[in-house]
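Asks: You'll find coords_27.cif just under this line, and it carries mmCIF, C-alpha atoms and all ligand atoms.
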data_upload
#
loop_
_atom_site.label_atom_id
_atom_site.label_comp_id
_atom_site.auth_asym_id
_atom_site.auth_seq_id
_atom_site.Cartn_x
_atom_site.Cartn_y
_atom_site.Cartn_z
CA MET A 215 -30.76 2.54 -8.08
CA GLU A 216 -27.19 2.69 -9.40
CA PRO A 217 -24.61 3.72 -6.79
CA SER A 218 -22.74 6.94 -7.40
CA LEU A 219 -19.22 8.16 -6.57
CA PHE A 220 -20.47 10.38 -3.78
CA ASP A 221 -22.75 7.90 -2.04
CA PRO A 222 -21.54 6.75 1.35
CA ILE A 223 -20.84 3.05 1.81
CA THR A 224 -21.16 0.85 4.89
CA LEU A 225 -18.39 -1.73 5.34
CA PRO A 226 -19.22 -5.21 6.72
CA ASN A 227 -18.17 -4.17 10.24
CA GLY A 228 -20.56 -1.19 10.19
CA THR A 229 -18.01 1.54 9.42
CA ILE A 230 -19.47 4.20 7.14
CA LEU A 231 -17.19 5.79 4.54
CA ARG A 232 -18.28 9.18 3.27
CA ASN A 233 -17.90 8.43 -0.46
CA ARG A 234 -16.27 5.98 -2.87
CA LEU A 235 -12.91 7.68 -3.40
CA VAL A 236 -9.87 6.35 -1.57
CA LYS A 237 -6.31 7.61 -1.58
CA SER A 238 -4.51 4.36 -2.28
CA ALA A 239 -1.35 3.62 -0.30
CA MET A 240 1.72 5.56 -1.31
CA SER A 241 5.03 5.20 0.43
CA ASP A 242 5.63 8.90 1.03
CA THR A 243 9.07 8.13 2.57
CA LEU A 244 8.71 11.22 4.79
CA GLY A 245 9.21 9.60 8.19
CA ASP A 246 11.91 11.09 10.42
CA GLY A 247 14.42 8.33 9.67
CA TYR A 248 13.78 6.74 13.07
CA GLY A 249 10.44 5.33 11.90
CA ASN A 250 8.31 8.09 13.43
CA PRO A 251 5.92 10.55 11.73
CA THR A 252 6.92 14.10 10.90
CA PRO A 253 4.86 17.33 10.84
CA GLU A 254 5.29 17.29 7.04
CA GLN A 255 3.37 14.02 6.88
CA GLY A 256 0.70 15.62 9.05
CA ARG A 257 0.32 18.34 6.42
CA LEU A 258 0.22 15.80 3.58
CA TYR A 259 -2.59 13.69 5.07
CA GLU A 260 -4.44 16.78 6.24
CA THR A 261 -4.42 17.98 2.62
CA TRP A 262 -6.09 14.78 1.37
CA ASP A 263 -8.56 14.83 4.26
CA ARG A 264 -9.61 18.37 3.38
CA GLY A 265 -9.75 17.44 -0.30
CA GLY A 266 -12.62 15.07 0.40
CA VAL A 267 -11.33 11.50 0.15
CA ALA A 268 -13.21 8.89 2.17
CA VAL A 269 -10.03 7.10 3.24
CA SER A 270 -6.33 7.81 2.97
CA VAL A 271 -4.00 4.83 3.28
CA ILE A 272 -0.46 5.53 4.51
CA GLY A 273 1.81 3.21 2.52
CA GLU A 274 4.36 0.80 3.97
CA VAL A 275 4.01 1.15 7.72
CA GLN A 276 6.30 -1.49 9.17
CA GLY A 277 6.04 -3.47 12.37
CA ASP A 278 9.70 -4.39 12.33
CA PRO A 279 12.47 -1.91 11.48
CA ARG A 280 14.50 -4.75 9.99
CA THR A 281 12.04 -5.31 7.14
CA ILE A 282 11.47 -1.83 5.73
CA GLU A 283 11.31 -0.89 2.07
CA HIS A 284 12.75 2.62 2.63
CA PRO A 285 14.39 4.43 5.58
CA GLY A 286 11.59 7.02 5.48
CA ASN A 287 8.96 4.35 6.31
CA LEU A 288 6.99 4.62 9.53
CA VAL A 289 7.65 1.84 12.03
CA LEU A 290 4.89 1.21 14.55
CA ASN A 291 5.97 -1.14 17.31
CA PRO A 292 6.39 -0.82 21.09
CA GLN A 293 9.46 1.42 20.63
CA ALA A 294 7.58 3.96 18.47
CA ASP A 295 6.91 7.56 19.43
CA PHE A 296 3.18 7.13 20.11
CA GLY A 297 2.67 10.86 20.63
CA ALA A 298 3.84 11.51 17.05
CA PHE A 299 1.61 8.72 15.68
CA ARG A 300 -1.39 10.06 17.61
CA ALA A 301 -0.75 13.55 16.28
CA LEU A 302 -0.68 12.19 12.72
CA ALA A 303 -3.92 10.29 13.27
CA GLN A 304 -5.62 13.42 14.56
CA ARG A 305 -4.40 15.71 11.81
CA GLY A 306 -5.20 13.31 8.97
CA GLN A 307 -8.77 12.70 10.15
CA ALA A 308 -9.82 16.14 11.38
CA ASN A 309 -12.20 16.65 8.47
CA CYS A 310 -13.87 13.19 8.51
CA ALA A 311 -11.63 11.15 6.22
CA ALA A 312 -10.43 7.91 7.75
CA LEU A 313 -6.67 7.45 7.94
CA TRP A 314 -5.62 3.82 7.59
CA LEU A 315 -2.16 2.31 7.95
CA GLN A 316 -0.91 -0.15 5.37
CA LEU A 317 0.82 -2.96 7.25
CA GLY A 318 3.98 -3.67 5.31
CA HIS A 319 6.94 -6.05 5.38
CA ALA A 320 9.39 -5.91 2.49
CA GLY A 321 10.67 -9.48 2.92
CA ALA A 322 13.03 -10.34 0.07
CA LEU A 323 12.91 -6.71 -1.11
CA THR A 324 14.31 -5.23 2.12
CA PRO A 325 17.27 -3.07 1.07
CA GLY A 326 20.62 -4.82 1.51
CA TRP A 327 22.05 -2.06 3.73
CA VAL A 328 19.57 -3.06 6.47
CA GLY A 329 20.96 -6.60 6.45
CA MET A 330 20.59 -9.69 4.28
CA PRO A 331 16.92 -9.74 3.25
CA LYS A 332 14.76 -12.78 3.92
CA GLY A 333 11.84 -13.97 1.82
CA PRO A 334 9.93 -17.22 1.35
CA SER A 335 12.92 -18.85 -0.41
CA ALA A 336 16.61 -18.19 -0.85
CA LEU A 337 17.27 -16.52 -4.22
CA ASP A 338 20.45 -15.41 -5.91
CA LEU A 339 19.46 -13.51 -9.04
CA ASP A 340 20.65 -10.43 -10.82
CA GLY A 341 19.09 -7.67 -8.69
CA LEU A 342 17.64 -9.93 -5.98
CA ARG A 343 19.54 -11.84 -3.30
CA CYS A 344 17.85 -13.12 -0.18
CA ASP A 345 17.81 -15.91 2.37
CA ALA A 346 14.81 -18.07 3.24
CA LEU A 347 12.75 -17.41 6.36
CA SER A 348 12.75 -20.33 8.79
CA LEU A 349 9.49 -21.96 9.83
CA SER A 350 9.69 -20.39 13.28
CA GLU A 351 10.29 -16.94 11.77
CA ILE A 352 7.24 -17.42 9.53
CA SER A 353 5.01 -18.55 12.35
CA ALA A 354 5.84 -15.38 14.32
CA LEU A 355 4.74 -13.08 11.48
CA PRO A 356 0.92 -13.03 11.86
CA ASP A 357 1.23 -11.85 15.46
CA ARG A 358 3.71 -9.17 14.40
CA PHE A 359 1.20 -7.79 11.91
CA ALA A 360 -1.54 -8.05 14.55
CA ARG A 361 0.55 -6.13 17.08
CA THR A 362 1.00 -3.22 14.69
CA ALA A 363 -2.71 -3.27 13.86
CA ARG A 364 -3.56 -3.07 17.54
CA LEU A 365 -1.14 -0.16 18.03
CA ALA A 366 -2.76 1.57 15.04
CA TYR A 367 -6.11 1.26 16.80
CA ASP A 368 -4.64 2.47 20.11
CA CYS A 369 -3.11 5.52 18.38
CA GLY A 370 -6.48 6.53 16.92
CA PHE A 371 -6.10 5.55 13.26
CA GLY A 372 -9.26 4.62 11.39
CA GLY A 373 -8.28 1.17 10.09
CA VAL A 374 -5.53 -0.99 8.64
CA GLN A 375 -4.77 -2.55 5.31
CA ILE A 376 -2.65 -5.69 5.05
CA HIS A 377 -0.20 -5.26 2.15
CA ALA A 378 -0.21 -8.46 0.10
CA ALA A 379 0.53 -6.86 -3.29
CA HIS A 380 3.39 -5.60 -5.45
CA GLY A 381 5.96 -8.25 -4.55
CA PHE A 382 6.43 -7.42 -0.88
CA LEU A 383 6.49 -10.21 1.74
CA LEU A 384 2.89 -11.51 1.69
CA SER A 385 2.75 -11.11 -2.08
CA GLN A 386 6.04 -13.03 -2.26
CA PHE A 387 4.39 -15.97 -0.52
CA LEU A 388 1.60 -15.92 -3.13
CA SER A 389 4.03 -15.74 -6.04
CA PRO A 390 5.72 -18.86 -7.42
CA LEU A 391 8.60 -16.64 -8.52
CA PHE A 392 9.54 -15.89 -4.92
CA ASN A 393 7.99 -18.87 -3.16
CA ARG A 394 9.76 -22.12 -3.99
CA ARG A 395 9.17 -23.72 -0.59
CA GLN A 396 8.04 -27.32 -0.37
CA ASP A 397 6.75 -27.24 3.21
CA GLY A 398 3.45 -26.06 4.73
CA TYR A 399 3.93 -22.55 3.24
CA GLY A 400 4.68 -23.53 -0.35
CA GLY A 401 4.47 -26.22 -3.00
CA SER A 402 0.72 -25.81 -3.65
CA ALA A 403 -1.63 -22.86 -4.09
CA LYS A 404 -3.23 -23.70 -0.75
CA ASN A 405 0.08 -23.65 1.10
CA GLN A 406 1.20 -20.46 -0.65
CA MET A 407 -1.90 -18.69 0.67
CA ARG A 408 -1.48 -19.95 4.21
CA LEU A 409 0.59 -17.08 5.62
CA VAL A 410 -1.77 -14.49 4.12
CA ILE A 411 -4.80 -16.22 5.64
CA GLU A 412 -3.10 -16.63 9.02
CA THR A 413 -2.16 -12.95 8.95
CA VAL A 414 -5.70 -11.81 8.10
CA GLU A 415 -7.08 -13.95 10.92
CA ALA A 416 -4.52 -12.72 13.46
CA VAL A 417 -5.05 -9.06 12.55
CA ARG A 418 -8.84 -9.40 12.62
CA ALA A 419 -8.68 -11.11 16.02
CA GLY A 420 -6.26 -8.49 17.36
CA VAL A 421 -8.46 -5.42 16.90
CA PRO A 422 -12.02 -4.53 17.94
CA GLU A 423 -14.79 -5.54 15.54
CA GLY A 424 -15.58 -1.94 14.64
CA PHE A 425 -12.03 -1.32 13.37
CA PRO A 426 -11.81 -1.93 9.60
CA VAL A 427 -9.34 -4.50 8.30
CA ALA A 428 -8.63 -4.44 4.56
CA ILE A 429 -6.19 -6.20 2.26
CA LYS A 430 -4.39 -5.15 -0.93
CA LEU A 431 -3.90 -8.00 -3.40
CA ASN A 432 -2.38 -8.36 -6.82
CA ALA A 433 -4.85 -9.20 -9.57
CA THR A 434 -1.76 -10.54 -11.36
CA ASP A 435 2.00 -10.17 -10.95
CA GLN A 436 2.14 -9.22 -14.64
CA ILE A 437 5.18 -11.42 -15.25
CA THR A 438 5.53 -14.96 -16.59
CA GLY A 439 5.80 -17.43 -13.73
CA GLY A 440 4.26 -15.04 -11.16
CA LEU A 441 0.82 -15.03 -9.58
CA THR A 442 -1.74 -15.30 -12.40
CA GLN A 443 -5.24 -13.93 -12.57
CA ASP A 444 -6.66 -17.40 -11.92
CA GLY A 445 -4.38 -17.82 -8.93
CA ALA A 446 -5.42 -14.42 -7.60
CA LEU A 447 -9.11 -15.35 -7.92
CA GLU A 448 -8.43 -18.44 -5.78
CA VAL A 449 -6.88 -16.15 -3.16
CA VAL A 450 -9.98 -13.93 -3.22
CA ALA A 451 -12.22 -16.98 -2.71
CA ALA A 452 -10.04 -18.28 0.12
CA LEU A 453 -10.22 -14.91 1.90
CA ASP A 454 -14.00 -14.70 1.76
CA GLY A 455 -15.64 -15.08 5.17
CA ARG A 456 -12.54 -14.19 7.17
CA GLY A 457 -13.70 -10.86 8.53
CA LEU A 458 -12.21 -8.53 5.93
CA ASP A 459 -13.95 -5.20 5.32
CA LEU A 460 -12.40 -4.42 1.94
CA MET A 461 -10.27 -6.02 -0.76
CA GLU A 462 -8.23 -3.72 -2.98
CA PHE A 463 -6.89 -4.94 -6.31
CA SER A 464 -3.67 -3.75 -7.87
CA GLY A 465 -0.94 -5.57 -9.79
CA GLY A 466 2.70 -5.76 -10.78
CA THR A 467 5.69 -6.75 -8.70
CA TYR A 468 9.18 -5.54 -7.98
CA PHE A 469 10.56 -8.98 -8.96
CA PRO A 470 13.45 -8.23 -11.37
CA GLY A 471 12.18 -7.65 -14.90
CA ALA A 472 8.54 -7.03 -13.99
CA PRO A 473 6.65 -3.74 -14.37
CA ALA A 474 5.55 -1.83 -11.24
CA SER A 475 2.01 -0.45 -11.20
CA SER A 476 3.14 2.95 -9.90
CA ASP A 477 5.38 3.28 -12.96
CA ALA A 478 2.80 2.10 -15.51
CA VAL A 479 1.40 4.40 -18.14
CA SER A 480 -1.96 3.51 -19.69
CA ARG A 481 -5.14 4.95 -21.04
CA GLY A 482 -7.57 3.49 -18.57
CA PRO A 483 -8.24 1.57 -15.35
CA TYR A 484 -6.31 -1.70 -15.19
CA PHE A 485 -8.21 -4.11 -12.96
CA ILE A 486 -11.92 -3.60 -13.62
CA ASP A 487 -12.35 -6.93 -15.39
CA PHE A 488 -10.61 -8.69 -12.55
CA ALA A 489 -12.87 -6.98 -10.00
CA LYS A 490 -15.92 -8.20 -11.96
CA MET A 491 -14.65 -11.78 -11.76
CA ALA A 492 -13.71 -11.42 -8.10
CA ARG A 493 -17.28 -10.28 -7.37
CA GLN A 494 -18.40 -13.84 -8.08
CA MET A 495 -15.99 -15.16 -5.42
CA THR A 496 -16.72 -12.92 -2.44
CA THR A 497 -19.21 -10.66 -0.74
CA VAL A 498 -16.47 -8.39 0.66
CA PRO A 499 -16.58 -4.83 -0.77
CA LEU A 500 -14.08 -4.39 -3.60
CA MET A 501 -11.80 -1.53 -4.57
CA ALA A 502 -10.14 -1.28 -7.98
CA THR A 503 -6.92 0.71 -8.11
CA GLY A 504 -4.70 1.64 -11.01
CA GLY A 505 -4.97 3.77 -14.12
CA PHE A 506 -7.96 5.97 -13.18
CA LYS A 507 -7.51 9.35 -14.84
CA SER A 508 -10.99 10.78 -15.20
CA ARG A 509 -14.25 11.14 -13.36
CA ARG A 510 -15.98 9.38 -16.24
CA GLN A 511 -13.85 6.25 -15.68
CA ALA A 512 -14.40 6.29 -11.91
CA ASP A 513 -18.15 6.86 -12.31
CA ALA A 514 -18.46 4.01 -14.79
CA ALA A 515 -16.67 1.56 -12.47
CA ILE A 516 -19.00 2.42 -9.57
CA ARG A 517 -22.23 2.62 -11.57
CA SER A 518 -21.60 -0.70 -13.33
CA GLY A 519 -21.13 -2.35 -9.93
CA ALA A 520 -17.67 -3.62 -10.92
CA ALA A 521 -16.14 -1.92 -7.87
CA ASP A 522 -17.52 -0.45 -4.65
CA LEU A 523 -14.63 1.95 -4.18
CA ILE A 524 -12.04 3.55 -6.45
CA GLY A 525 -8.41 3.63 -5.39
CA LEU A 526 -6.48 6.63 -6.66
CA ALA A 527 -2.77 7.26 -6.23
CA ARG A 528 -1.19 9.48 -8.89
CA ALA A 529 -4.40 11.37 -9.65
CA LEU A 530 -4.54 12.44 -5.99
CA VAL A 531 -0.94 13.58 -6.12
CA LEU A 532 -1.74 15.80 -9.08
CA ASP A 533 -4.90 17.14 -7.41
CA PRO A 534 -5.12 16.33 -3.68
CA ALA A 535 -8.63 17.86 -3.64
CA LEU A 536 -9.85 15.70 -6.53
CA PRO A 537 -13.04 14.48 -4.77
CA THR A 538 -14.08 18.10 -4.27
CA THR A 539 -12.99 19.00 -7.79
CA TRP A 540 -15.09 16.19 -9.25
CA ARG A 541 -18.05 16.90 -7.02
CA THR A 542 -18.10 20.50 -8.21
CA GLU A 543 -17.78 19.46 -11.88
CA GLY A 544 -14.18 20.63 -12.10
CA HIS A 545 -11.48 19.31 -14.44
CA ASP A 546 -9.83 15.91 -14.43
CA PRO A 547 -6.16 16.06 -13.41
CA LEU A 548 -3.65 16.83 -16.11
CA PHE A 549 -1.28 13.87 -16.24
CA PRO A 550 2.29 14.74 -17.26
CA ARG A 551 3.79 12.89 -20.21
CA PHE A 552 7.26 11.50 -19.76
CA GLU A 553 9.42 11.18 -22.84
CA GLU A 554 11.99 8.95 -21.16
CA ALA A 555 11.29 5.40 -20.04
CA PHE A 556 13.33 5.13 -16.87
CA PRO A 557 12.50 2.25 -14.45
CA GLY A 558 11.37 3.77 -11.16
CA GLY A 559 11.48 7.27 -12.66
CA VAL A 560 7.73 7.92 -12.75
CA THR A 561 7.34 6.73 -9.16
CA ALA A 562 10.26 8.92 -8.08
CA ARG A 563 8.69 11.91 -9.81
CA TYR A 564 5.41 11.43 -7.93
CA THR A 565 7.29 10.89 -4.67
CA GLN A 566 8.91 14.29 -5.19
CA ARG A 567 5.52 15.80 -5.73
CA LEU A 568 4.29 14.21 -2.48
CA GLU A 569 7.17 15.87 -0.68
CA ALA A 570 6.28 19.21 -2.27
CA ILE A 571 2.69 18.93 -0.97
CA ALA A 572 4.01 17.96 2.46
CA LEU A 573 6.26 21.02 2.51
CA GLY A 574 3.56 23.30 1.19
CA ALA A 575 5.70 24.01 -1.90
CA GLU A 576 4.15 24.86 -5.25
CA THR A 577 6.56 23.14 -7.58
CA ILE A 578 9.07 20.36 -7.71
CA THR A 579 12.67 20.72 -8.73
CA GLY A 580 14.64 18.69 -11.28
CA ALA A 581 13.91 18.44 -14.95
CA SER A 582 14.17 14.76 -15.80
CA LEU A 583 13.18 11.42 -14.32
CA ALA A 584 16.87 10.69 -13.77
CA ASP A 585 17.06 13.92 -11.71
CA ALA A 586 14.07 12.75 -9.68
CA ILE A 587 15.75 9.45 -8.87
CA SER A 588 19.02 11.07 -7.83
CA ALA A 589 17.29 13.78 -5.73
CA LEU A 590 15.43 11.09 -3.81
CA ALA A 591 18.59 9.03 -3.39
CA ASP A 592 20.28 12.09 -1.81
CA ARG A 593 17.42 12.57 0.63
CA SER A 594 17.34 8.86 1.49
CA GLU A 595 21.02 8.94 2.41
CA GLY A 596 20.40 11.21 5.43
CA GLN A 597 17.43 9.09 6.53
CA LYS A 598 19.60 5.99 6.19
CA GLN A 599 22.21 7.37 8.58
CA ARG A 600 19.54 8.05 11.20
CA TYR A 601 18.00 4.68 10.56
CA PHE A 602 21.10 2.80 11.66
CA LYS A 603 20.52 4.22 15.14
CA ARG A 604 16.99 2.86 15.06
CA LEU A 605 18.30 -0.57 14.15
CA VAL A 606 20.66 -0.50 17.12
CA GLN A 607 17.73 0.49 19.36
CA GLN A 608 15.68 -2.39 17.97
CA ALA A 609 18.50 -4.85 18.63
CA ALA A 610 18.19 -3.90 22.30
CA PHE A 611 14.37 -4.48 22.29
CA PRO A 612 13.62 -7.20 19.72
C1 LIG B 1 4.90 7.44 -5.30
C2 LIG B 1 4.12 6.15 -5.18
C3 LIG B 1 4.32 5.35 -4.07
C4 LIG B 1 3.57 4.18 -3.93
N1 LIG B 1 3.72 3.44 -2.78
C5 LIG B 1 2.89 2.38 -2.56
C6 LIG B 1 2.87 1.73 -1.29
O1 LIG B 1 3.57 2.08 -0.35
N2 LIG B 1 2.01 0.69 -1.15
C7 LIG B 1 1.19 0.27 -2.15
O2 LIG B 1 0.43 -0.68 -1.96
N3 LIG B 1 1.18 0.88 -3.34
C8 LIG B 1 1.99 1.93 -3.56
N4 LIG B 1 1.93 2.60 -4.75
C9 LIG B 1 1.02 2.10 -5.78
C10 LIG B 1 -0.33 2.80 -5.72
O3 LIG B 1 -1.03 2.57 -4.53
C11 LIG B 1 -1.23 2.31 -6.89
O4 LIG B 1 -1.49 0.94 -6.69
C12 LIG B 1 -0.58 2.54 -8.25
O5 LIG B 1 0.11 3.77 -8.30
C13 LIG B 1 -1.63 2.54 -9.35
O6 LIG B 1 -2.60 3.52 -9.10
P1 LIG B 1 -2.65 4.95 -9.90
O7 LIG B 1 -2.71 4.61 -11.35
O8 LIG B 1 -3.88 5.63 -9.38
O9 LIG B 1 -1.38 5.67 -9.58
C14 LIG B 1 2.67 3.77 -4.92
C15 LIG B 1 2.50 4.60 -6.04
C16 LIG B 1 3.20 5.77 -6.18
C17 LIG B 1 2.97 6.64 -7.38
#
Take the structure I supplied and represent it as structure tokens, if you would.
Replies:
Amino acid sequence: MEPSLFDPITLPNGTILRNRLVKSAMSDTLGDGYGNPTPEQGRLYETWDRGGVAVSVIGEVQGDPRTIEHPGNLVLNPQADFGAFRALAQRGQANCAALWLQLGHAGALTPGWVGMPKGPSALDLDGLRCDALSLSEISALPDRFARTARLAYDCGFGGVQIHAAHGFLLSQFLSPLFNRRQDGYGGSAKNQMRLVIETVEAVRAGVPEGFPVAIKLNATDQITGGLTQDGALEVVAALDGRGLDLMEFSGGTYFPGAPASSDAVSRGPYFIDFAKMARQMTTVPLMATGGFKSRRQADAAIRSGAADLIGLARALVLDPALPTTWRTEGHDPLFPRFEEAFPGGVTARYTQRLEAIALGAETITGASLADAISALADRSEGQKQRYFKRLVQQAAFP
């Protein structure tokens, strides 16, 4: 019998998800500026939980405050406010969705105001300057990810997802554009994958077997010289048999000049063909994310067996109760059309909408994408000021 969108699914570790619809990671940037959750985030994840998703993934949860992608990121390490994290875990899972943390590390894309960013290799390009991580810094990373995963478990979250997509640290190691090393972590496809594999193994070993561990990978960096589809399929094959419960496929990178998937506009799902090819390389359940706009598209991807789960980001911003809407034969979300092409503008617009849901507001302010970018920049400024204090605190407890 063909699977359907509303069938439960059992992950390899025995975890049962209530249906096939997942709220893909979105950096909501609504932390308190010290790296801790806010009541607004509680309301946001509660809204998706009530709306019927099987899993909600909180984007960009950092283990180290020195490698954030935004000052509103959550930071889960021994200095965190565990009470606030526990409260978030409870609120976001009260109605049976699982709330997973995406384990992030911005690497070369850490904002310059935090300090000089470090990635796989030193780069000095228009829009991207960073130093290279030393071998000892690299070898400490898998345990850092594992520590955050363990804290996620201790705080009551439902699982973790290792972020190895979109040009952040682990994706940088997989991408020849960022990774120009000629040591054990670069120079060949096998070496470029090494940190990702070591991280998966450390995270898996650091949490109980019943706690799901997923990964988000790029199907392609969508830029000449970046990770190709063939390269990504090799990564999928290399990750098979390493205790993962789910692989999510996305694409795009924040390397200068490349398109970001959260900014892309298209008619249909992006990575279905890749998921079909990946299916030949692994037995791990697969999730395709990107470009889903209608129930018909999501249904087709599940029924054809191309994907086991559907990752939705923008559709679930437009209608946070989309699983319920679809189950009751309601309408597909109405996607706004943007006349301007403004890099980062579409993502900023959706981030504003996330904030509106978190605040319980009906509408968002600002007419244009440029307005959206500047409104978010204003909000980030206050978070940045608070964040400096967090950095000082971290310096005292490295
Ligand atoms: C506002 C916003 C923030 C996002 N933040 C993240 C993030 O923190 N981590 C991540 O892996 N993807 C992030 N994404 C990308 C989405 O997870 C998804 O891969 C992408 O938007 C394509 O899916 P969609 O077409 O359903 O929106 C973000 C997307 C949006 C719109």
Asks: Which protein, DNA or RNA residues have an atom within 6 Å of ligand LIG 1 (chain B), counting all atoms listed in the file, as an mmCIF file with C-alpha atoms, in the frame of the given file?
Replies:
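Once everything was written out, this is part_14.cif:
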data_model
loop_
_atom_site.group_PDB
_atom_site.id
_atom_site.type_symbol
_atom_site.label_atom_id
_atom_site.label_comp_id
_atom_site.auth_asym_id
_atom_site.auth_seq_id
_atom_site.Cartn_x
_atom_site.Cartn_y
_atom_site.Cartn_z
ATOM 1 C CA SER A 238 -4.510 4.360 -2.280
ATOM 2 C CA ALA A 239 -1.350 3.620 -0.300
ATOM 3 C CA MET A 240 1.720 5.560 -1.310
ATOM 4 C CA SER A 241 5.030 5.200 0.430
ATOM 5 C CA GLY A 273 1.810 3.210 2.520
ATOM 6 C CA GLU A 274 4.360 0.800 3.970
ATOM 7 C CA SER A 464 -3.670 -3.750 -7.870
ATOM 8 C CA SER A 475 2.010 -0.450 -11.200
ATOM 9 C CA SER A 476 3.140 2.950 -9.900
ATOM 10 C CA THR A 503 -6.920 0.710 -8.110
ATOM 11 C CA GLY A 504 -4.700 1.640 -11.010
ATOM 12 C CA GLY A 505 -4.970 3.770 -14.120
ATOM 13 C CA PHE A 506 -7.960 5.970 -13.180
ATOM 14 C CA LEU A 526 -6.480 6.630 -6.660
ATOM 15 C CA ALA A 527 -2.770 7.260 -6.230
ATOM 16 C CA ARG A 528 -1.190 9.480 -8.890
ATOM 17 C CA ALA A 529 -4.400 11.370 -9.650
ATOM 18 C CA THR A 561 7.340 6.730 -9.160
ATOM 19 C CA TYR A 564 5.410 11.430 -7.930
ATOM 20 C CA THR A 565 7.290 10.890 -4.670
#
Asks: Which neighbours of Lys332 in chain A fall inside 10 Å, counting only C-alpha atoms, when residues of the same chain fewer than 5 positions from it are skipped, and could you give them as a PyMOL selection string?
Replies: chain A and resi 281+320-324+337+343-348+351+383
Asks: For the atom pair CA of Phe602 in chain A and CA of Phe296 in chain A, what is the interatomic distance in Å to one decimal place?
Replies: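 Interatomic distance, CA of Phe602 in chain A to CA of Phe296 in chain A: 20.3 Å.
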Asks: Counting all atoms listed in the file, which residues of range 562-602 of chain A fall within 12 Å of range 534-537 of chain A, and what is the closest atom pair for each with its distance in Å at one decimal, ordered by chain and rising number, as CSV?
Replies:
residue,atom,partner,partner_atom,distance
A:Arg567,CA,A:Pro534,CA,10.8
A:Leu568,CA,A:Pro534,CA,9.7
A:Ala570,CA,A:Pro534,CA,11.8
A:Ile571,CA,A:Pro534,CA,8.7
A:Ala572,CA,A:Pro534,CA,11.1
Asks: For each of A:Gly544, A:Pro499, A:Gly329, A:Pro483, take the minimum atom-to-atom distance to Ala514 in chain A, counting only C-alpha atoms, then give the residue where this is smallest.
Replies: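 Ranked by minimum distance to Ala514 in chain A, first place goes to A:Pro483.
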Asks: Can you list, as a list in words, every protein, DNA or RNA residue that comes within 9 Å of Phe382 in chain A when you count all atoms listed in the file, leaving out same-chain residues fewer than 3 positions away?
Replies: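 Contacts, in chain order: Glu283, Gly318, His319, Ala320, Gly321, Ala322, Leu323, Thr324, Gly333, His377, Ala378, Ala379, Ser385, Gln386, Phe387, Thr467 and Tyr468 of chain A.
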Asks: Taking into account all atoms listed in the file, which residue in the set A:Val560, A:Leu288, A:Ala433, A:Leu530 is nearest to Leu500 in chain A?
Replies: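 Answer, going by the shortest atom-to-atom distance: A:Ala433.
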Asks: Measure the distance from CA of Thr362 in chain A to CA of Asn291 in chain A in Å and round it to one decimal.
Replies: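 That distance, rounded to one decimal, is 6.0 Å.
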Asks: Identify, on the basis of only C-alpha atoms, every residue whose closest approach to Thr243 in chain A does not exceed 7 Å; exclude the query and any residue fewer than 5 positions from it along the same chain; express the result as a tab-separated table (two decimals) with C-alpha atoms, keeping the file's coordinate frame.
Replies:
chain	number	residue	atom	x	y	z
A	284	HIS	CA	12.75	2.62	2.63
A	286	GLY	CA	11.59	7.02	5.48
A	287	ASN	CA	8.96	4.35	6.31
Asks: Just to confirm, what's the straight-line distance from CA of Ala366 in chain A to CA of Trp314 in chain A in Å (one decimal)?
Replies: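 Separation between CA of Ala366 in chain A and CA of Trp314 in chain A: 8.3 Å.
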Asks: With distances taken over all atoms listed in the file, which residue among A:Ile376, A:Ala416, A:Val531, A:Leu235 lies nearest Pro222 in chain A?
Replies: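 Using all atoms listed in the file, the shortest distance to Pro222 in chain A belongs to A:Leu235.
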Asks: Starting from the point (15.8, -0.4, 12.0), work out which residues of protein, DNA or RNA have an atom no more than 10 Å away when counting all atoms listed in the file; state them as a PyMOL selection string.
Replies: chain A and resi 247-249+276+278-282+285+289+328-329+598+600-609
Asks: So that I have them on file, write out the residues from the current selection with C-alpha atoms, as a CSV table (one decimal), in the coordinates of the input.
Replies:
chain,number,residue,atom,x,y,z
A,247,GLY,CA,14.4,8.3,9.7
A,248,TYR,CA,13.8,6.7,13.1
A,249,GLY,CA,10.4,5.3,11.9
A,276,GLN,CA,6.3,-1.5,9.2
A,278,ASP,CA,9.7,-4.4,12.3
A,279,PRO,CA,12.5,-1.9,11.5
A,280,ARG,CA,14.5,-4.8,10.0
A,281,THR,CA,12.0,-5.3,7.1
A,282,ILE,CA,11.5,-1.8,5.7
A,285,PRO,CA,14.4,4.4,5.6
A,289,VAL,CA,7.6,1.8,12.0
A,328,VAL,CA,19.6,-3.1,6.5
A,329,GLY,CA,21.0,-6.6,6.4
A,598,LYS,CA,19.6,6.0,6.2
A,600,ARG,CA,19.5,8.0,11.2
A,601,TYR,CA,18.0,4.7,10.6
A,602,PHE,CA,21.1,2.8,11.7
A,603,LYS,CA,20.5,4.2,15.1
A,604,ARG,CA,17.0,2.9,15.1
A,605,LEU,CA,18.3,-0.6,14.2
A,606,VAL,CA,20.7,-0.5,17.1
A,607,GLN,CA,17.7,0.5,19.4
A,608,GLN,CA,15.7,-2.4,18.0
A,609,ALA,CA,18.5,-4.8,18.6
Asks: Can you work out which one of A:Leu441, A:Gly558, A:Met495, A:Leu523 has the shortest atom-to-atom distance to Pro473 in chain A, counting all atoms listed in the file?
Replies: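 Once distances to Pro473 in chain A are computed over all atoms listed in the file, the minimum belongs to A:Gly558.
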